[in-house]
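This report refers to the structure that appears directly beneath it.
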Amino acid sequence: MATSSSCVISGVVAPQLRCRTQDSSNRNSRRPQPNLLRLNSRTSLPPIRFSVQPRSLFSRTHAPARWQGTNGGGGGGGLVLHNKRKPCNSFLGSEQSNCITSSLKQRSTIRTPIPRVFLDKSSFYLSRRTLRTASVKHLCPPCATVGPDEPHAASTAWPDGVLEKQDLDLLYPQSLQTDLEGFLRTELPSHPKLYRGQLKNGLRYLILPNKVPPNRFEAHMEVHVGSIDEEDDEQGIAHMIEHVAFLGSKKREKLLGTGARSNAYTDFHHTVFHIHSPTGTKDSDDDLLPSVLDALNEIAFHPKFLSSRVEKERRAILSELQMMNTIEYRVDCQLLQHLHSENKLSQRFPIGLEEQIKKWDVDKIKKFHERWYFPANATLYIVGDINNISKTIYEIEVAFEQTGSENKTSSAPTPSALGAMASFLVPKLPAGLAGSLSHERSSNSADQSKIIQRERQAVRPPVKHDWSLPGNNTDVKHPQIFQHELLQNFSINMFCKIPVNKVKTYGDLRSVLMKRIFLSALHFRINTRYKSSNPPFTSVELDHSDSGREGCTVTTLTVTAEPKNWQSAIRVAVQEVRRLKEFGVTKGELTRYMDALLKDSEQLAAMIDNVSSVDNLDFIMESDALGHRVMDQIQGHESLMAVAGTVTLEEVNSIGAEVLAFLSDFGKASAPVPAAIVACVPKKVHLDGIGETEFKITSDEITAAIKSGLEEPIEAEPELEVPKELISPSQLQELRIQCRPSFVPLSRETNITKMHDNETGITQLRLSNGIPVNYKISKNESRGGVMRLIVGGGRAAESSESKGAVVVGVRTLSEGGRVGNFSREQVELFCVNHLINCSLESTEEFIAMEFRFTLRDNGMRAAFQLLHMVLEHSVWLDDAFDRARQLYLSYYRSIPKSLERSTAHKLMLAMMNGDERFVEPTPKSLENLTLKSVKDAVMNQFVGDNMEVSVVGDFSEEEIESCILDYLGTVTASRDSKSEHGFNPILFRPSPSDLQFQQVFLKDTDERACAYIAGPAPNRWGLTVDGKDLLGSIADIPTSEGELSLEHKDLQRKLRGHPLFFGITMGLLAEVINSRLFTTVRDSLGLTYDVSFELNLFDRLKLGWYVVSVTSTPGKVHKAVDACKNVLRGLHSNKIAQRELDRAKRTLLMRHEAEIKSNAYWLGLLGHLQASSVPRKDISCIKELTSLYEAATVEDIYLAYEQLKVDEDSMYSCIGIAGTHAGEETTTASLEEEEFDEGFQGIAPAGRGLSTMTRPTT
């Protein structure tokens, strides 16, 4: 599976180049790997960043407008609540859940709003912070000595506060400074529960007991071979072996019925096979670990290279290669090629080369496997609910100890076998054997001196870099330009590449902390300084991180802008970098960001028992690749506290200046030379009054723009006054007297003012102003909480005269960021200080605002204050409206340059009868909007009984109810608006229609194809667009007289009478259809590499739809679409088997079980519990969820299937084809073509490695 491994903590999409394979049982639960590239300097501290997020046409996500919050974790890509990427760990605290390492691992990124495409609607980031007070002791260097894998025996801490250098001199005289230097040289402690070992055959193993999720474990086999180890005629063979070995394993297939999920991926430096498994089976006490280890042994060391499997995977990989060749992929390849032009990383992308993949025979593939797949070149990781370490070690020995014994020794590869970098690539050799390498293997005693024990390479990846160090390289590389017709915007990446500083000592940790503080300040400054209606850039990012896969640390400045503004954008970005380098951070900034980092770290330490096994494992794997010391969260926090008090302002500015020197001193003889400067630009741009014109740019012009930024006059940064509170005690008292908030009966039929359910822990209240509130006290995330406001209406409430008003209005509110008399900067810093993260978005049927907060230092009250101020005192600004409208114009104009987006856009317009509420607003609609119209469209929905607030966290009943009364109870009861929030009817296009099958053609240098198939469905509660209530008719259908027990028949009757009948059965149906699509269209017919079925079931709107997404080649895409339709319509002729339903149940119930420990998941469960617009949801929908899934029968699934419109007259499809000759034989025009031709510039992909990974094989 090649997934975009992005770091959600940082909001930076930072994928790894990965080829990933996964089994079909995991088809709908692709667990992307956390980003192992970056630990953001701004991870904990981004100010409120309002990030544009244009909706996916099929995800029901309309809007980008997201009030991106401000704490660790920061913003951007956000926490995806539907099991998307988990964040990487940082000892400096991020929204993560892993072990702690002393490493600056993720890209430190500074970014301002940039539209993104097809993101999940729940992708707002929520950072998980709690509180745990660490003791601070007197200055005392640790005395204990420990081995590399032993827990540290001493705990040290330094005095609180941040010191000036002169303060340090006064506080610590020479003798103590000597002690300080000794302390900073002391090694950091190692994770106390991490067990390491090695078998006689060289296989290394790591074991970490971890209780989250309970009764499950992760087993990952990392083989230290990847695409970097391929010869010139083997490009892609590592990925091919991953596919063949993984999908060809019979022992892996036997695990599918146990509830285990498996996957695999290939990267530059390694190939990883992993299995997520229950500790035992449901029906017996059998331990599953031996079976899992046996399967991994077969996959890695004993694969069956059958010709039939090789050919099947060859077809799949060729399809994958064509599918992933998007413009984003091509941009990322360009960035990596120029960054690593001196070594093989620039030529060894894991997907490989098409002409070579077509040629390899079984023998060629087996030889590569024999060369690199041996126990000493692999590491086994086991993390999970393991109680007996000795037993686990024994089971590892039983499974693997005999592996390799039949071939314990073999000849090491000769330099010729390793290519041009042979001297750098040779394995470690036992003493006395260097220089005695042989390409032959012999049992002859005369040749025994040439036979060696094979070992893992000492350096991974085995490449040599040209470092960007002062005096290391005086040859300045000219800026490189990649120009393509599918690019929309200008972007430039300036790279600095240095060796990884392995973080093993307290001094190393201190250095990382200082870099984090420095870069956090730069992030905030760039994010807030430019707020004009027409800023010179779309986004500016500064990224500093270690990369295990590339074997280096890279600092990157990425600037994205509209082509007409590219020179100004570069000048501004360089000017800000230079300002920070010249004047440094202020004392206030140092104190502010240090405090936030320590709070964040404390929160993580408190969450030590809530870290998932997979997050721990991935983090340890990457930390080992980088050579960093691995600590648990408590050790990480204590170590951070120990060094924090020694940090001085002078040193922070000095170390930060070193990081930025490649830019701030650009062109000077003493400056580090950038590793590469790469601009990605469009071929043509649209100029007002002129139309399409060629975009011209030269390397010399880029260099001149950089130098111009270095010559601009600069001034020091002024200190900002940060409010301690948004509502003072006196103001609050006045509000309470004025509004007299109280709790009132939940309904007219009862006098109950508070309803508490003991089983779920959910409490329901209603305020006197009409706002219903749900809350749950949860210990899942210690001293942390989340809150969501849901407002009924959304884009569906847009009138024909105000198309786009809601989505642009929400974005305008986000862009402005002001409340009351507080400026945007003050609000952002208020959130930084209180570790509040906030997001705002609109969908088709709701507006939602979400907060994540800590209970430390009145963090929950601060979050409630911010919510109150947004509801009561939002400031609507003309310049914010202009920016919001401009961003949506830009996004709309970029649609025809994307094959996937233009295909989906055309299909949605056809199926929804041209209703603009389900697609992006057009330029004409945007032009008709005014600040007043968008403000009214949003604020008229914020009426008491049209809102619902849900809160989940580690608070007390008294704390939460006090906040509810004080800050929600004092919100104005109603506004000058209609009490009923109706909307224009929503209708599917009458069928049959000429638009039921359409095509989109995109001119491109490379061929690709995709298709979407969609049709109507009911909503989650059984209501349809034509006014039918299906739930009533279902309840009257008698159950079958089969072999069901009386108890099960009672459960089935209960399910059929339950409001969630369609929500439950449609979810199970989707799992069944997905499995069939994979096995038929992908595996059997070989027509696609990736195909999926998704249901979008609304809650408030009386409709839903299904979507099949399929990628293919131009020559196969029509057959793939027909095959998908046949699967959809074939459920009657090819009946659903009980085993298919059982597997679907296991998948969904395991997902529920894994996520039930998350506050964010509970927040989703609480949503609409008291919403008047979703009357059918009640507490039983939460309490009985598990039993409802278990009660479903095949017969129930068919009742749901009957409500999917899969007949020819109801189904819509659209095929997109890209290539040099696409559409030449057809005159089909795209919908709204005349508007696309206006050519408004969109957003170009930005950032190294954004989409270079390959896709899921299943």
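Each chain in the structure tokens gets a letter, A, B and so on, in the order shown; residues start at 1 in every chain, and ligands are counted from 1 in the order they appear.
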Write out as CSV the residues of range 500-545 of chain A that have any atom within 7 Å of an atom of range 567-584 of chain A, one row each with the nearest atom pair and its distance in Å to one decimal, counting only C-alpha atoms, sorted by chain and then rising number.
residue,atom,partner,partner_atom,distance
A:Leu522,CA,A:Leu580,CA,6.8
A:Ile526,CA,A:Glu576,CA,7.0
A:Pro536,CA,A:Ala569,CA,4.8
A:Phe537,CA,A:Ala569,CA,4.9
A:Val540,CA,A:Ala573,CA,6.9
Which residues in range 255-361 of chain A does DSSP call helix (DSSP H, G or I)? List them as a compact mmCIF listing (two decimals) with N, CA, C and O atoms, in the first residue's frame.
# COMPACT_ATOMS: atom_id res chain seq x y z
N LEU A 256 -7.27 -14.88 8.45
CA LEU A 256 -8.31 -13.91 8.11
C LEU A 256 -9.59 -14.12 8.90
O LEU A 256 -10.29 -13.18 9.19
N GLY A 257 -9.90 -15.34 9.25
CA GLY A 257 -11.14 -15.59 9.99
C GLY A 257 -11.03 -15.36 11.48
O GLY A 257 -12.00 -15.53 12.21
N THR A 258 -9.85 -14.97 11.95
CA THR A 258 -9.63 -14.82 13.39
C THR A 258 -9.85 -13.41 13.88
O THR A 258 -9.80 -13.16 15.09
N LEU A 289 -0.47 -15.75 18.85
CA LEU A 289 0.87 -15.27 18.52
C LEU A 289 1.69 -16.31 17.74
O LEU A 289 2.33 -15.95 16.74
N PRO A 290 1.70 -17.60 18.12
CA PRO A 290 2.48 -18.56 17.32
C PRO A 290 2.04 -18.61 15.86
O PRO A 290 2.88 -18.70 14.95
N SER A 291 0.73 -18.55 15.60
CA SER A 291 0.25 -18.58 14.22
C SER A 291 0.65 -17.33 13.46
O SER A 291 1.00 -17.38 12.27
N VAL A 292 0.62 -16.18 14.14
CA VAL A 292 1.03 -14.93 13.51
C VAL A 292 2.52 -14.97 13.18
O VAL A 292 2.93 -14.58 12.07
N LEU A 293 3.33 -15.42 14.11
CA LEU A 293 4.77 -15.51 13.86
C LEU A 293 5.07 -16.50 12.74
O LEU A 293 5.96 -16.26 11.91
N ASP A 294 4.33 -17.59 12.71
CA ASP A 294 4.51 -18.58 11.64
C ASP A 294 4.20 -17.97 10.27
O ASP A 294 4.90 -18.22 9.29
N ALA A 295 3.15 -17.18 10.23
CA ALA A 295 2.78 -16.52 8.98
C ALA A 295 3.85 -15.52 8.55
O ALA A 295 4.23 -15.46 7.37
N LEU A 296 4.37 -14.73 9.49
CA LEU A 296 5.43 -13.77 9.15
C LEU A 296 6.70 -14.48 8.69
O LEU A 296 7.41 -14.00 7.80
N ASN A 297 6.99 -15.64 9.30
CA ASN A 297 8.16 -16.42 8.89
C ASN A 297 8.00 -16.89 7.45
O ASN A 297 8.94 -16.80 6.64
N GLU A 298 6.82 -17.36 7.11
CA GLU A 298 6.58 -17.80 5.74
C GLU A 298 6.66 -16.63 4.76
O GLU A 298 7.28 -16.72 3.70
N ILE A 299 6.03 -15.52 5.12
CA ILE A 299 6.00 -14.36 4.22
C ILE A 299 7.41 -13.86 3.94
O ILE A 299 7.79 -13.65 2.78
N ALA A 300 8.21 -13.68 4.98
CA ALA A 300 9.51 -13.05 4.80
C ALA A 300 10.59 -14.02 4.31
O ALA A 300 11.38 -13.66 3.43
N PHE A 301 10.60 -15.23 4.83
CA PHE A 301 11.74 -16.10 4.56
C PHE A 301 11.43 -17.35 3.74
O PHE A 301 12.35 -18.00 3.25
N SER A 307 4.44 -18.85 -10.42
CA SER A 307 4.34 -18.03 -11.62
C SER A 307 2.99 -17.34 -11.71
O SER A 307 2.90 -16.18 -12.13
N SER A 308 1.94 -18.03 -11.29
CA SER A 308 0.60 -17.44 -11.37
C SER A 308 0.49 -16.22 -10.46
O SER A 308 -0.11 -15.20 -10.83
N ARG A 309 1.07 -16.31 -9.27
CA ARG A 309 1.01 -15.18 -8.35
C ARG A 309 1.88 -14.03 -8.86
O ARG A 309 1.51 -12.87 -8.76
N VAL A 310 3.03 -14.35 -9.40
CA VAL A 310 3.91 -13.31 -9.94
C VAL A 310 3.21 -12.54 -11.05
O VAL A 310 3.24 -11.30 -11.10
N GLU A 311 2.54 -13.28 -11.94
CA GLU A 311 1.86 -12.59 -13.04
C GLU A 311 0.69 -11.75 -12.54
O GLU A 311 0.44 -10.64 -13.03
N LYS A 312 -0.02 -12.25 -11.55
CA LYS A 312 -1.15 -11.49 -10.99
C LYS A 312 -0.66 -10.20 -10.35
O LYS A 312 -1.23 -9.13 -10.56
N GLU A 313 0.43 -10.29 -9.60
CA GLU A 313 0.95 -9.09 -8.95
C GLU A 313 1.64 -8.15 -9.94
O GLU A 313 1.67 -6.94 -9.73
N ARG A 314 2.19 -8.70 -10.99
CA ARG A 314 2.76 -7.86 -12.03
C ARG A 314 1.68 -6.95 -12.63
O ARG A 314 1.86 -5.74 -12.79
N ARG A 315 0.52 -7.54 -12.93
CA ARG A 315 -0.59 -6.75 -13.47
C ARG A 315 -1.04 -5.70 -12.46
O ARG A 315 -1.32 -4.55 -12.81
N ALA A 316 -1.10 -6.10 -11.19
CA ALA A 316 -1.56 -5.17 -10.16
C ALA A 316 -0.60 -4.00 -10.01
O ALA A 316 -1.02 -2.84 -9.90
N ILE A 317 0.69 -4.28 -10.03
CA ILE A 317 1.67 -3.21 -9.84
C ILE A 317 1.69 -2.27 -11.04
O ILE A 317 1.83 -1.05 -10.90
N LEU A 318 1.57 -2.82 -12.24
CA LEU A 318 1.52 -1.97 -13.43
C LEU A 318 0.31 -1.05 -13.39
O LEU A 318 0.37 0.12 -13.79
N SER A 319 -0.80 -1.57 -12.88
CA SER A 319 -1.99 -0.74 -12.73
C SER A 319 -1.77 0.31 -11.66
O SER A 319 -2.17 1.48 -11.81
N GLU A 320 -1.12 -0.10 -10.58
CA GLU A 320 -0.81 0.84 -9.50
C GLU A 320 0.09 1.96 -9.99
O GLU A 320 -0.11 3.14 -9.67
N LEU A 321 1.08 1.60 -10.77
CA LEU A 321 2.03 2.58 -11.28
C LEU A 321 1.32 3.65 -12.10
O LEU A 321 1.58 4.85 -11.95
N GLN A 322 0.41 3.22 -12.96
CA GLN A 322 -0.30 4.18 -13.79
C GLN A 322 -1.29 5.01 -12.96
O GLN A 322 -1.43 6.21 -13.16
N MET A 323 -1.91 4.37 -11.99
CA MET A 323 -2.90 5.05 -11.18
C MET A 323 -2.28 6.16 -10.34
O MET A 323 -2.85 7.25 -10.19
N ILE A 327 -0.17 14.43 -10.88
CA ILE A 327 0.76 15.55 -10.94
C ILE A 327 1.44 15.75 -9.59
O ILE A 327 2.61 16.15 -9.54
N GLU A 328 0.74 15.42 -8.50
CA GLU A 328 1.36 15.52 -7.19
C GLU A 328 2.55 14.56 -7.07
O GLU A 328 3.59 14.91 -6.54
N TYR A 329 2.36 13.36 -7.59
CA TYR A 329 3.44 12.37 -7.57
C TYR A 329 4.63 12.86 -8.39
O TYR A 329 5.78 12.77 -7.97
N ARG A 330 4.35 13.43 -9.54
CA ARG A 330 5.44 13.89 -10.40
C ARG A 330 6.18 15.07 -9.78
O ARG A 330 7.40 15.17 -9.91
N VAL A 331 5.46 15.94 -9.09
CA VAL A 331 6.12 17.04 -8.39
C VAL A 331 7.03 16.49 -7.30
O VAL A 331 8.19 16.91 -7.16
N ASP A 332 6.53 15.54 -6.53
CA ASP A 332 7.34 14.99 -5.45
C ASP A 332 8.58 14.27 -5.96
O ASP A 332 9.64 14.33 -5.34
N CYS A 333 8.44 13.59 -7.07
CA CYS A 333 9.61 12.95 -7.68
C CYS A 333 10.66 14.00 -8.06
O CYS A 333 11.86 13.80 -7.87
N GLN A 334 10.20 15.10 -8.61
CA GLN A 334 11.12 16.16 -8.97
C GLN A 334 11.87 16.69 -7.75
O GLN A 334 13.10 16.89 -7.79
N LEU A 335 11.15 16.90 -6.67
CA LEU A 335 11.79 17.42 -5.47
C LEU A 335 12.85 16.46 -4.94
O LEU A 335 13.97 16.86 -4.60
N LEU A 336 12.51 15.18 -4.88
CA LEU A 336 13.46 14.19 -4.37
C LEU A 336 14.63 13.99 -5.31
O LEU A 336 15.76 13.78 -4.87
N GLN A 337 14.36 14.05 -6.59
CA GLN A 337 15.45 13.88 -7.56
C GLN A 337 16.49 14.97 -7.44
O GLN A 337 17.70 14.72 -7.50
N HIS A 338 16.04 16.20 -7.25
CA HIS A 338 17.01 17.30 -7.15
C HIS A 338 17.64 17.37 -5.76
O HIS A 338 18.83 17.69 -5.64
N LEU A 339 16.88 17.04 -4.71
CA LEU A 339 17.43 17.06 -3.36
C LEU A 339 18.54 16.03 -3.21
O LEU A 339 19.54 16.27 -2.54
N LYS A 344 21.64 7.53 -5.06
CA LYS A 344 20.61 6.67 -5.66
C LYS A 344 19.19 6.96 -5.19
O LYS A 344 18.24 6.48 -5.78
N LEU A 345 19.04 7.74 -4.12
CA LEU A 345 17.68 8.07 -3.68
C LEU A 345 16.91 8.80 -4.77
O LEU A 345 15.69 8.74 -4.83
N SER A 346 17.62 9.48 -5.64
CA SER A 346 16.98 10.23 -6.72
C SER A 346 16.51 9.32 -7.85
O SER A 346 15.78 9.76 -8.75
N GLU A 354 8.27 0.82 -15.33
CA GLU A 354 7.31 -0.03 -16.02
C GLU A 354 7.99 -1.05 -16.93
O GLU A 354 7.65 -2.24 -16.91
N GLU A 355 8.97 -0.60 -17.73
CA GLU A 355 9.59 -1.52 -18.69
C GLU A 355 10.32 -2.66 -18.01
O GLU A 355 10.43 -3.77 -18.54
N GLN A 356 10.85 -2.41 -16.80
CA GLN A 356 11.55 -3.48 -16.07
C GLN A 356 10.56 -4.41 -15.39
O GLN A 356 10.75 -5.63 -15.38
N ILE A 357 9.51 -3.85 -14.81
CA ILE A 357 8.51 -4.68 -14.12
C ILE A 357 7.92 -5.71 -15.09
O ILE A 357 7.62 -6.84 -14.71
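Nearest to Asp915 in chain A of all the residues A:Leu931, A:Phe822, A:Ser902, A:Arg989 is A:Arg989, counting only C-alpha atoms.
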Quick one: everything within 10 Å of Trp1162 in chain A, counting only C-alpha atoms, minus sequence neighbours fewer than 3 positions away in the same chain. Send it as a PDB file with N, CA, C and O atoms, in the first residue's frame.
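Once written, selection-v1.pdb looks like this:
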ATOM      1  N   ILE A 762     -23.544   8.952  30.004  1.00  0.00           N
ATOM      2  CA  ILE A 762     -23.954  10.155  29.274  1.00  0.00           C
ATOM      3  C   ILE A 762     -24.993  10.928  30.081  1.00  0.00           C
ATOM      4  O   ILE A 762     -25.952  10.343  30.612  1.00  0.00           O
ATOM      5  N   TYR A 775     -23.042  15.540  27.809  1.00  0.00           N
ATOM      6  CA  TYR A 775     -21.643  15.410  28.223  1.00  0.00           C
ATOM      7  C   TYR A 775     -21.397  14.022  28.803  1.00  0.00           C
ATOM      8  O   TYR A 775     -22.305  13.334  29.251  1.00  0.00           O
ATOM      9  N   LYS A 776     -20.137  13.631  28.759  1.00  0.00           N
ATOM     10  CA  LYS A 776     -19.711  12.347  29.316  1.00  0.00           C
ATOM     11  C   LYS A 776     -18.382  12.568  30.028  1.00  0.00           C
ATOM     12  O   LYS A 776     -17.435  13.098  29.440  1.00  0.00           O
ATOM     13  N   SER A 778     -15.051  11.188  31.147  1.00  0.00           N
ATOM     14  CA  SER A 778     -14.233  10.082  30.628  1.00  0.00           C
ATOM     15  C   SER A 778     -12.812  10.199  31.151  1.00  0.00           C
ATOM     16  O   SER A 778     -12.220  11.279  31.137  1.00  0.00           O
ATOM     17  N   VAL A 786     -12.759  17.261  24.903  1.00  0.00           N
ATOM     18  CA  VAL A 786     -13.144  17.726  23.574  1.00  0.00           C
ATOM     19  C   VAL A 786     -14.579  18.229  23.642  1.00  0.00           C
ATOM     20  O   VAL A 786     -15.379  17.770  24.463  1.00  0.00           O
ATOM     21  N   SER A 950     -21.896  19.051  22.632  1.00  0.00           N
ATOM     22  CA  SER A 950     -21.502  17.802  23.291  1.00  0.00           C
ATOM     23  C   SER A 950     -20.085  17.965  23.815  1.00  0.00           C
ATOM     24  O   SER A 950     -19.230  18.565  23.144  1.00  0.00           O
ATOM     25  N   VAL A 951     -19.827  17.432  25.006  1.00  0.00           N
ATOM     26  CA  VAL A 951     -18.517  17.559  25.647  1.00  0.00           C
ATOM     27  C   VAL A 951     -18.133  16.214  26.247  1.00  0.00           C
ATOM     28  O   VAL A 951     -18.954  15.547  26.878  1.00  0.00           O
ATOM     29  N   VAL A 952     -16.881  15.810  26.028  1.00  0.00           N
ATOM     30  CA  VAL A 952     -16.352  14.572  26.604  1.00  0.00           C
ATOM     31  C   VAL A 952     -14.995  14.887  27.199  1.00  0.00           C
ATOM     32  O   VAL A 952     -14.170  15.541  26.555  1.00  0.00           O
ATOM     33  N   GLY A 953     -14.750  14.465  28.444  1.00  0.00           N
ATOM     34  CA  GLY A 953     -13.438  14.727  29.010  1.00  0.00           C
ATOM     35  C   GLY A 953     -13.304  14.309  30.455  1.00  0.00           C
ATOM     36  O   GLY A 953     -14.247  13.834  31.095  1.00  0.00           O
ATOM     37  N   GLU A1155     -11.863   2.096  18.896  1.00  0.00           N
ATOM     38  CA  GLU A1155     -12.053   3.542  18.965  1.00  0.00           C
ATOM     39  C   GLU A1155     -12.840   3.990  20.191  1.00  0.00           C
ATOM     40  O   GLU A1155     -12.886   5.190  20.493  1.00  0.00           O
ATOM     41  N   ILE A1156     -13.443   3.069  20.909  1.00  0.00           N
ATOM     42  CA  ILE A1156     -14.313   3.437  22.022  1.00  0.00           C
ATOM     43  C   ILE A1156     -13.527   4.099  23.151  1.00  0.00           C
ATOM     44  O   ILE A1156     -14.097   4.770  24.020  1.00  0.00           O
ATOM     45  N   LYS A1157     -12.208   3.933  23.137  1.00  0.00           N
ATOM     46  CA  LYS A1157     -11.369   4.558  24.160  1.00  0.00           C
ATOM     47  C   LYS A1157     -11.022   6.002  23.823  1.00  0.00           C
ATOM     48  O   LYS A1157     -10.338   6.680  24.595  1.00  0.00           O
ATOM     49  N   SER A1158     -11.474   6.463  22.706  1.00  0.00           N
ATOM     50  CA  SER A1158     -11.127   7.810  22.252  1.00  0.00           C
ATOM     51  C   SER A1158     -12.223   8.806  22.608  1.00  0.00           C
ATOM     52  O   SER A1158     -13.406   8.560  22.365  1.00  0.00           O
ATOM     53  N   ASN A1159     -11.849   9.945  23.163  1.00  0.00           N
ATOM     54  CA  ASN A1159     -12.823  10.999  23.440  1.00  0.00           C
ATOM     55  C   ASN A1159     -13.484  11.493  22.156  1.00  0.00           C
ATOM     56  O   ASN A1159     -14.676  11.797  22.139  1.00  0.00           O
ATOM     57  N   LEU A1165     -20.403   9.841  18.843  1.00  0.00           N
ATOM     58  CA  LEU A1165     -21.568   9.086  19.305  1.00  0.00           C
ATOM     59  C   LEU A1165     -22.617  10.010  19.935  1.00  0.00           C
ATOM     60  O   LEU A1165     -23.824   9.797  19.790  1.00  0.00           O
ATOM     61  N   LEU A1166     -22.158  11.043  20.623  1.00  0.00           N
ATOM     62  CA  LEU A1166     -23.082  11.956  21.294  1.00  0.00           C
ATOM     63  C   LEU A1166     -23.808  12.879  20.321  1.00  0.00           C
ATOM     64  O   LEU A1166     -24.876  13.411  20.634  1.00  0.00           O
ATOM     65  N   GLY A1167     -23.220  13.088  19.142  1.00  0.00           N
ATOM     66  CA  GLY A1167     -23.785  14.036  18.190  1.00  0.00           C
ATOM     67  C   GLY A1167     -25.230  13.729  17.823  1.00  0.00           C
ATOM     68  O   GLY A1167     -25.591  12.578  17.574  1.00  0.00           O
ATOM     69  N   ILE A1182     -26.660   4.353  21.081  1.00  0.00           N
ATOM     70  CA  ILE A1182     -25.301   4.215  21.604  1.00  0.00           C
ATOM     71  C   ILE A1182     -25.192   2.956  22.462  1.00  0.00           C
ATOM     72  O   ILE A1182     -24.266   2.157  22.312  1.00  0.00           O
TER      73      ILE A1182
END
Residues within 12 Å of Lys282 in chain A, please, as a list in words. Count only C-alpha atoms; anything in the same chain fewer than 2 positions from it doesn't count.
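Selected residues are Asn215, Gly257, Thr258, Gly259, Ala260, Ser277, Pro278, Thr279, Gly280, Ser284, Asp285, Asp286, Asp287, Leu288 and Arg1146 of chain A.
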Among listed residues A:Ala880, A:Met1211, A:Ile1197, A:Ala657, nearest Asp994 in chain A (using only C-alpha atoms):
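The closest residue to Asp994 in chain A is A:Met1211.
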Run DSSP on the backbone and tell me which residues of range 444-618 of chain A come out as strand (DSSP E); list them as an MDAnalysis selection string.
chainID A and resid 452:453 480:484 490:498 539:547 552:561
Considering only C-alpha atoms, state which residue in the set A:Arg510, A:Arg1100, A:His276, A:His270 is at the smallest distance from Arg185 in chain A.
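Using only C-alpha atoms, the shortest distance to Arg185 in chain A belongs to A:Arg510.
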Using only C-alpha atoms, what table do you get, as a Markdown table, when you list each residue of range 541-580 of chain A with an atom no more than 10 Å from range 480-491 of chain A, its nearest pair of atoms, and their distance in Å rounded to one decimal, rows by chain then rising number?
| residue | atom | partner | partner_atom | distance |
| --- | --- | --- | --- | --- |
| A:Thr558 | CA | A:Ser491 | CA | 7.0 |
| A:Val559 | CA | A:Ser491 | CA | 5.5 |
| A:Thr560 | CA | A:Ser491 | CA | 4.2 |
| A:Ala561 | CA | A:Phe490 | CA | 5.3 |
| A:Glu562 | CA | A:Asn489 | CA | 5.1 |
| A:Pro563 | CA | A:Phe490 | CA | 5.1 |
| A:Lys564 | CA | A:Phe490 | CA | 8.7 |
| A:Asn565 | CA | A:Phe490 | CA | 8.6 |
| A:Trp566 | CA | A:Phe490 | CA | 6.5 |
| A:Gln567 | CA | A:Phe490 | CA | 10.0 |
| A:Ala569 | CA | A:Ser491 | CA | 9.6 |
| A:Ile570 | CA | A:Ser491 | CA | 9.5 |
Give me the residues near range 367-376 of chain A as a compact mmCIF listing (two decimals) with N, CA and C atoms, in the first residue's frame, where near means some atom within 7 Å (using only C-alpha atoms) and where sequence neighbours in that chain fewer than 5 positions away do not count.
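So result24.txt came out as:
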# COMPACT_ATOMS: atom_id res chain seq x y z
N ASN A 201 20.53 -16.89 14.77
CA ASN A 201 20.63 -16.68 13.32
C ASN A 201 20.71 -15.20 12.96
N GLY A 202 20.74 -14.32 13.96
CA GLY A 202 20.91 -12.90 13.71
C GLY A 202 19.64 -12.08 13.74
N LEU A 203 18.48 -12.74 13.80
CA LEU A 203 17.22 -12.00 13.81
C LEU A 203 17.11 -11.20 15.11
N VAL A 223 12.19 -5.99 7.19
CA VAL A 223 13.35 -6.51 6.47
C VAL A 223 14.12 -5.31 5.94
N VAL A 225 15.68 -4.06 3.61
CA VAL A 225 15.95 -3.98 2.18
C VAL A 225 14.80 -3.21 1.56
N ALA A 300 8.21 -13.68 4.98
CA ALA A 300 9.51 -13.05 4.80
C ALA A 300 10.59 -14.02 4.31
N PHE A 301 10.60 -15.23 4.83
CA PHE A 301 11.74 -16.10 4.56
C PHE A 301 11.43 -17.35 3.74
N GLY A 404 17.10 -20.07 8.32
CA GLY A 404 18.46 -19.70 7.97
C GLY A 404 19.49 -20.73 8.35
N ARG A 454 26.35 -13.56 7.09
CA ARG A 454 25.72 -12.37 6.53
C ARG A 454 25.13 -11.52 7.64
N GLU A 455 25.32 -10.21 7.54
CA GLU A 455 24.80 -9.31 8.55
C GLU A 455 24.14 -8.11 7.88
N ARG A 456 23.38 -7.41 8.68
CA ARG A 456 22.73 -6.18 8.22
C ARG A 456 23.78 -5.11 7.94
